[in-house]
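Q: Below is the file input_34.tsv, with TSV, C-alpha atoms.
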```tsv
chain	number	residue	atom	x	y	z
O	406	MET	CA	0.00	0.00	0.00
O	407	ARG	CA	1.34	3.38	-1.02
O	408	ALA	CA	2.07	5.86	1.77
O	409	VAL	CA	-0.01	9.02	1.70
O	410	ALA	CA	2.14	12.12	1.19
O	411	PRO	CA	2.27	14.70	4.00
O	412	MET	CA	-0.13	17.50	3.15
O	413	VAL	CA	-0.01	21.13	4.26
O	414	PHE	CA	-3.27	23.06	4.12
O	415	ILE	CA	-3.10	26.85	3.99
O	416	VAL	CA	-6.12	28.89	5.03
O	417	ASP	CA	-5.55	32.62	4.52
O	418	ASP	CA	-7.70	35.27	2.83
O	419	ASP	CA	-4.63	37.06	1.43
O	420	PRO	CA	-3.86	35.68	-2.09
O	421	SER	CA	-0.22	36.82	-1.89
O	422	VAL	CA	0.29	34.85	1.35
O	423	GLN	CA	-1.35	31.80	-0.20
O	424	LYS	CA	0.90	32.03	-3.24
O	425	SER	CA	4.16	32.57	-1.36
O	426	LEU	CA	3.47	29.85	1.20
O	427	THR	CA	2.38	27.40	-1.50
O	428	ARG	CA	5.62	28.00	-3.41
O	429	LEU	CA	7.74	27.69	-0.26
O	430	LEU	CA	6.11	24.50	0.99
O	431	ALA	CA	6.01	22.83	-2.42
O	432	SER	CA	9.76	23.49	-2.79
O	433	ALA	CA	10.23	21.83	0.63
O	434	GLY	CA	8.57	18.67	-0.71
O	435	TYR	CA	5.05	18.97	0.70
O	436	ALA	CA	1.78	18.51	-1.11
O	437	VAL	CA	-0.05	21.82	-0.64
O	438	GLU	CA	-3.64	23.03	-0.89
O	439	ALA	CA	-4.64	26.65	-0.27
O	440	PHE	CA	-8.03	28.01	0.74
O	441	ALA	CA	-9.28	31.59	0.92
O	442	SER	CA	-11.67	30.99	3.81
O	443	ALA	CA	-12.38	28.72	6.74
O	444	ARG	CA	-15.71	27.61	5.28
O	445	GLU	CA	-14.03	26.68	2.00
O	446	PHE	CA	-11.62	24.47	3.94
O	447	LEU	CA	-14.43	22.87	5.98
O	448	ALA	CA	-16.15	21.88	2.73
O	449	ARG	CA	-13.15	19.76	1.75
O	450	GLU	CA	-13.38	16.06	2.54
O	451	ARG	CA	-11.23	14.83	5.39
O	452	TYR	CA	-7.62	14.01	4.53
O	453	ASN	CA	-6.50	10.63	5.87
O	454	GLY	CA	-2.74	11.07	5.76
O	455	PRO	CA	-0.36	13.09	7.94
O	456	SER	CA	-1.07	16.79	7.55
O	457	CYS	CA	-0.63	20.26	8.98
O	458	LEU	CA	-2.96	23.24	8.85
O	459	VAL	CA	-1.31	26.65	8.48
O	460	LEU	CA	-4.08	28.95	9.58
O	461	ASP	CA	-4.49	32.72	9.59
O	462	VAL	CA	-6.18	34.07	12.72
O	463	ARG	CA	-8.15	37.04	11.40
O	464	MET	CA	-10.26	36.39	8.31
O	465	PRO	CA	-13.68	37.60	7.10
O	466	GLY	CA	-16.49	35.29	8.16
O	467	LEU	CA	-15.24	32.39	10.26
O	468	THR	CA	-11.95	33.31	11.98
O	469	GLY	CA	-9.01	30.98	12.41
O	470	LEU	CA	-9.79	30.42	16.08
O	471	GLU	CA	-13.43	29.68	15.24
O	472	LEU	CA	-12.29	27.17	12.60
O	473	GLN	CA	-10.09	25.48	15.21
O	474	GLU	CA	-13.11	25.21	17.52
O	475	ALA	CA	-15.32	23.89	14.69
O	476	LEU	CA	-12.77	21.17	13.89
O	477	LEU	CA	-12.57	20.13	17.55
O	478	ALA	CA	-16.37	20.04	17.82
O	479	ALA	CA	-16.56	17.85	14.71
O	480	GLY	CA	-13.95	15.45	16.08
O	481	ARG	CA	-11.49	16.33	13.32
O	482	ARG	CA	-8.10	16.20	15.00
O	483	MET	CA	-5.57	18.39	13.18
O	484	SER	CA	-2.11	19.76	13.90
O	485	ILE	CA	-2.42	23.53	13.50
O	486	VAL	CA	0.15	26.30	13.10
O	487	PHE	CA	-1.41	29.74	13.47
O	488	ILE	CA	0.03	32.75	11.62
O	489	THR	CA	-1.11	36.31	12.18
O	490	GLY	CA	-0.10	39.90	11.69
O	491	HIS	CA	-2.25	41.06	14.59
O	492	GLY	CA	-1.64	38.59	17.40
O	493	ASP	CA	-1.87	39.21	21.11
O	494	VAL	CA	-1.27	37.12	24.22
O	495	PRO	CA	-4.92	36.15	24.95
O	496	MET	CA	-5.30	35.09	21.31
O	497	SER	CA	-2.18	32.91	21.37
O	498	VAL	CA	-3.18	31.39	24.72
O	499	ARG	CA	-6.60	30.50	23.33
O	500	ALA	CA	-5.00	28.91	20.26
O	501	MET	CA	-2.50	26.86	22.26
O	502	LYS	CA	-5.17	25.71	24.72
O	503	GLY	CA	-7.11	24.49	21.70
O	504	GLY	CA	-4.17	22.25	20.80
O	505	ALA	CA	-2.25	24.41	18.30
O	506	VAL	CA	1.36	23.36	17.71
O	507	ASP	CA	2.60	26.96	17.39
O	508	PHE	CA	1.52	30.58	17.01
O	509	LEU	CA	3.71	32.66	14.68
O	510	THR	CA	3.46	36.38	13.98
O	511	LYS	CA	3.97	37.91	10.52
O	512	PRO	CA	6.49	38.48	9.15
O	513	PHE	CA	7.69	35.07	10.30
O	514	ASP	CA	11.11	33.50	9.84
O	515	VAL	CA	10.94	30.99	6.96
O	516	LYS	CA	13.26	28.50	8.67
O	517	ALA	CA	11.22	28.68	11.86
O	518	LEU	CA	8.01	28.08	9.91
O	519	LEU	CA	9.43	25.07	8.04
O	520	LYS	CA	10.78	23.62	11.29
O	521	THR	CA	7.40	24.06	12.96
O	522	ILE	CA	5.56	22.47	10.03
O	523	GLN	CA	7.93	19.50	10.10
O	524	ARG	CA	7.20	19.10	13.83
O	525	CYS	CA	3.50	19.41	13.02
O	526	VAL	CA	3.57	16.69	10.36
O	527	THR	CA	5.68	14.37	12.52
O	528	LYS	CA	3.25	14.77	15.43
O	529	ASP	CA	0.29	14.12	13.16
O	530	ALA	CA	1.88	10.96	11.74
O	531	GLN	CA	2.48	9.69	15.27
O	532	ASP	CA	-1.12	10.49	16.28
O	533	LEU	CA	-2.48	8.69	13.21
O	534	GLY	CA	-0.31	5.67	13.99
O	535	GLU	CA	-1.58	5.57	17.57
O	536	GLU	CA	-5.19	5.90	16.40
O	537	ALA	CA	-4.68	2.95	14.03
O	538	ARG	CA	-3.20	0.82	16.84
O	539	VAL	CA	-6.08	1.65	19.19
O	540	THR	CA	-8.62	0.83	16.47
O	541	GLU	CA	-6.93	-2.54	15.92
O	542	ILE	CA	-7.09	-3.33	19.65
O	543	GLN	CA	-10.76	-2.30	19.75
O	544	GLU	CA	-11.44	-4.75	16.93
O	545	ARG	CA	-9.84	-7.54	18.99
O	546	VAL	CA	-12.02	-6.66	21.99
O	547	LYS	CA	-15.14	-6.95	19.81
O	548	ILE	CA	-14.54	-10.67	19.20
O	549	LEU	CA	-14.44	-11.43	22.94
O	550	THR	CA	-17.54	-13.02	24.40
O	551	ARG	CA	-19.31	-11.29	27.27
O	552	ARG	CA	-17.69	-13.62	29.81
O	553	GLU	CA	-14.24	-13.20	28.22
O	554	THR	CA	-14.67	-9.42	28.41
O	555	GLU	CA	-15.46	-9.75	32.13
O	556	VAL	CA	-12.38	-11.91	32.68
O	557	PHE	CA	-10.25	-9.48	30.65
O	558	ALA	CA	-11.43	-6.56	32.79
O	559	LEU	CA	-10.48	-8.40	35.99
O	560	VAL	CA	-7.19	-9.94	34.82
O	561	VAL	CA	-5.73	-6.51	34.00
O	562	THR	CA	-6.47	-5.33	37.55
O	563	GLY	CA	-4.03	-7.97	38.82
O	564	MET	CA	-6.60	-10.35	40.28
O	565	LEU	CA	-5.67	-14.04	40.57
O	566	ASN	CA	-7.73	-16.78	38.89
O	567	LYS	CA	-9.32	-17.84	42.19
O	568	GLN	CA	-10.26	-14.22	42.97
O	569	ILE	CA	-11.80	-13.81	39.51
O	570	ALA	CA	-13.68	-17.10	39.98
O	571	PHE	CA	-15.14	-15.84	43.26
O	572	GLU	CA	-16.02	-12.45	41.77
O	573	LEU	CA	-17.84	-13.96	38.79
O	574	GLY	CA	-19.31	-16.97	40.59
O	575	ILE	CA	-17.65	-19.53	38.32
O	576	SER	CA	-15.02	-22.23	38.82
O	577	GLU	CA	-11.30	-21.49	38.72
O	578	LYS	CA	-10.96	-24.03	35.90
O	579	THR	CA	-13.49	-22.07	33.82
O	580	VAL	CA	-11.59	-18.84	34.52
O	581	LYS	CA	-8.41	-20.48	33.18
O	582	VAL	CA	-10.19	-21.45	29.97
O	583	HIS	CA	-11.60	-17.95	29.43
O	584	ARG	CA	-8.27	-16.37	30.33
O	585	ALA	CA	-6.46	-18.49	27.73
O	586	ARG	CA	-9.01	-17.46	25.09
O	587	VAL	CA	-8.62	-13.80	26.02
O	588	MET	CA	-4.84	-14.04	25.65
O	589	GLU	CA	-5.24	-15.72	22.27
O	590	LYS	CA	-7.87	-13.34	20.86
O	591	MET	CA	-6.05	-10.25	22.15
O	592	ARG	CA	-2.75	-11.65	20.82
O	593	ALA	CA	-1.05	-11.07	24.15
O	594	GLY	CA	1.94	-13.16	25.17
O	595	SER	CA	1.75	-12.19	28.84
O	596	VAL	CA	-0.44	-10.47	31.40
O	597	ALA	CA	1.87	-7.45	31.24
O	598	GLU	CA	1.22	-7.18	27.50
O	599	LEU	CA	-2.52	-7.55	28.13
O	600	VAL	CA	-2.33	-4.67	30.60
O	601	ARG	CA	-0.53	-2.53	28.01
O	602	LEU	CA	-3.29	-3.26	25.50
O	603	ALA	CA	-5.90	-2.24	28.07
O	604	ASP	CA	-3.98	0.98	28.75
O	605	ARG	CA	-4.01	1.76	25.02
O	606	LEU	CA	-7.79	1.54	25.08
O	607	GLY	CA	-7.86	4.17	27.80
O	608	VAL	CA	-10.81	2.77	29.70
O	609	ILE	CA	-11.28	-0.94	29.78
O	610	VAL	CA	-14.77	-2.25	29.10
O	611	PRO	CA	-16.19	-2.70	32.62
O	612	LYS	CA	-17.54	-6.01	33.79
O	613	SER	CA	-21.32	-6.27	33.76
```
I need this file expressed as structure tokens, please.
A:
Amino acid sequence: MRAVAPMVFIVDDDPSVQKSLTRLLASAGYAVEAFASAREFLARERYNGPSCLVLDVRMPGLTGLELQEALLAAGRRMSIVFITGHGDVPMSVRAMKGGAVDFLTKPFDVKALLKTIQRCVTKDAQDLGEEARVTEIQERVKILTRRETEVFALVVTGMLNKQIAFELGISEKTVKVHRARVMEKMRAGSVAELVRLADRLGVIVPKS
């Protein structure tokens, strides 16, 4: 399967900024798409590869900060670098609290921008990789039976087979059978690995 090229999206209402940034980023080896407004960008279908959004703060209509909030509300995780000619501290704080990678003021240093975008793309690739791993683990959990899910939830807390048997009202022998199936279906070679898989899920499915 072919790797998807890193993409940099530019959202800025100034055509000259769009043109200069497009030329700069294309020469640095990135695929680039430029948009004149936040709403124009929102209309684009979601990009599935590693990407970075270079976003102007002040634009007619939806502002850069409002676009950031709209993306968060829609569950569209994106690495964002804000650029502005009229920035202030409250604005930058709001952007960073929203998860922005950086907040640069115009005129910005080209090397600093390229370095930030590289950091942005690297972070996004790592996030996408982690999302894929979590999705794979979730798919493994789905093939567990209800009882196996209950055993899984208790095994990762450190409970012994006899304790799990007492908790669930089943025999220790039955717990061993379910435990073996959990290890097999979750593709875990040890309890420690099973615990790591549970940690990746964030919150283990609770026992019923």
Q: Enumerate, as a PyMOL selection string, the protein, DNA and RNA residues whose atoms approach (8.9, 27.4, 3.9) to within 8 Å, taking into account only C-alpha atoms and the coordinate frame of the file.
A: chain O and resi 426+429-430+432-433+515-516+518-519
Q: Starting from the point (-1.4, 24.5, 16.5), work out which residues of protein, DNA or RNA have an atom no more than 10 Å away when counting only C-alpha atoms; state them as a list in words.
A: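 Applying the cut-off with only C-alpha atoms, one gets Cys457, Leu458, Val459, Leu460, Gln473, Met483, Ser484, Ile485, Val486, Phe487, Ile488, Ser497, Ala500, Met501, Lys502, Gly503, Gly504, Ala505, Val506, Asp507, Phe508, Leu509, Thr521, Ile522 and Cys525 of chain O.
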Q: Mind checking which residues fall within 9 Å of segment 593-602 of chain O, counting all atoms listed in the file, ignoring those fewer than 6 positions away in the same chain, and posting them as an mmCIF file with C-alpha atoms, keeping the file's coordinate frame?
A:
```
data_model
loop_
_atom_site.group_PDB
_atom_site.id
_atom_site.type_symbol
_atom_site.label_atom_id
_atom_site.label_comp_id
_atom_site.auth_asym_id
_atom_site.auth_seq_id
_atom_site.Cartn_x
_atom_site.Cartn_y
_atom_site.Cartn_z
ATOM 1 C CA VAL O 539 -6.080 1.650 19.190
ATOM 2 C CA ILE O 542 -7.090 -3.330 19.650
ATOM 3 C CA PHE O 557 -10.250 -9.480 30.650
ATOM 4 C CA VAL O 560 -7.190 -9.940 34.820
ATOM 5 C CA VAL O 561 -5.730 -6.510 34.000
ATOM 6 C CA THR O 562 -6.470 -5.330 37.550
ATOM 7 C CA GLY O 563 -4.030 -7.970 38.820
ATOM 8 C CA VAL O 587 -8.620 -13.800 26.020
#
```
Q: Give me the residues within 10 Å of Arg552 of chain O as a count of residues only, counting all atoms listed in the file and dropping any in the same chain fewer than 2 places off.
A: 14
Q: How far is it from atom CA of Phe446 of chain O to atom CA of Thr540 of chain O, in Å with one decimal?
A: 26.9 Å
Q: Residues within 12 Å of Thr489 of chain O, please, as a list in words. Count all atoms listed in the file; anything in the same chain fewer than 4 positions from it doesn't count.
A: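 Contacts, with the query itself left out: Val416, Asp417, Asp418, Asp419, Val422, Val459, Leu460, Asp461, Val462, Arg463, Met464, Thr468, Gly469, Leu470, Asp493, Met496, Ser497, Ala500, Asp507, Phe508, Leu509, Thr510, Lys511, Pro512 and Phe513 of chain O.
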Q: When you draw a straight line from atom CA of Gln543 of chain O to atom CA of Met588 of chain O, how long is it in Å?
A: 14.4 Å
Q: Using all atoms listed in the file, which residue out of O:Ser442, O:Gln423, O:Gln568, O:Ser456 lies closest to Ala530 of chain O?
A: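 Looking only at the distances to Ala530 of chain O, the closest residue turns out to be O:Ser456.
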Q: How many Å lie between atom CA of Ser425 of chain O and atom CA of Arg482 of chain O, rounded to one decimal?
A: 26.2 Å
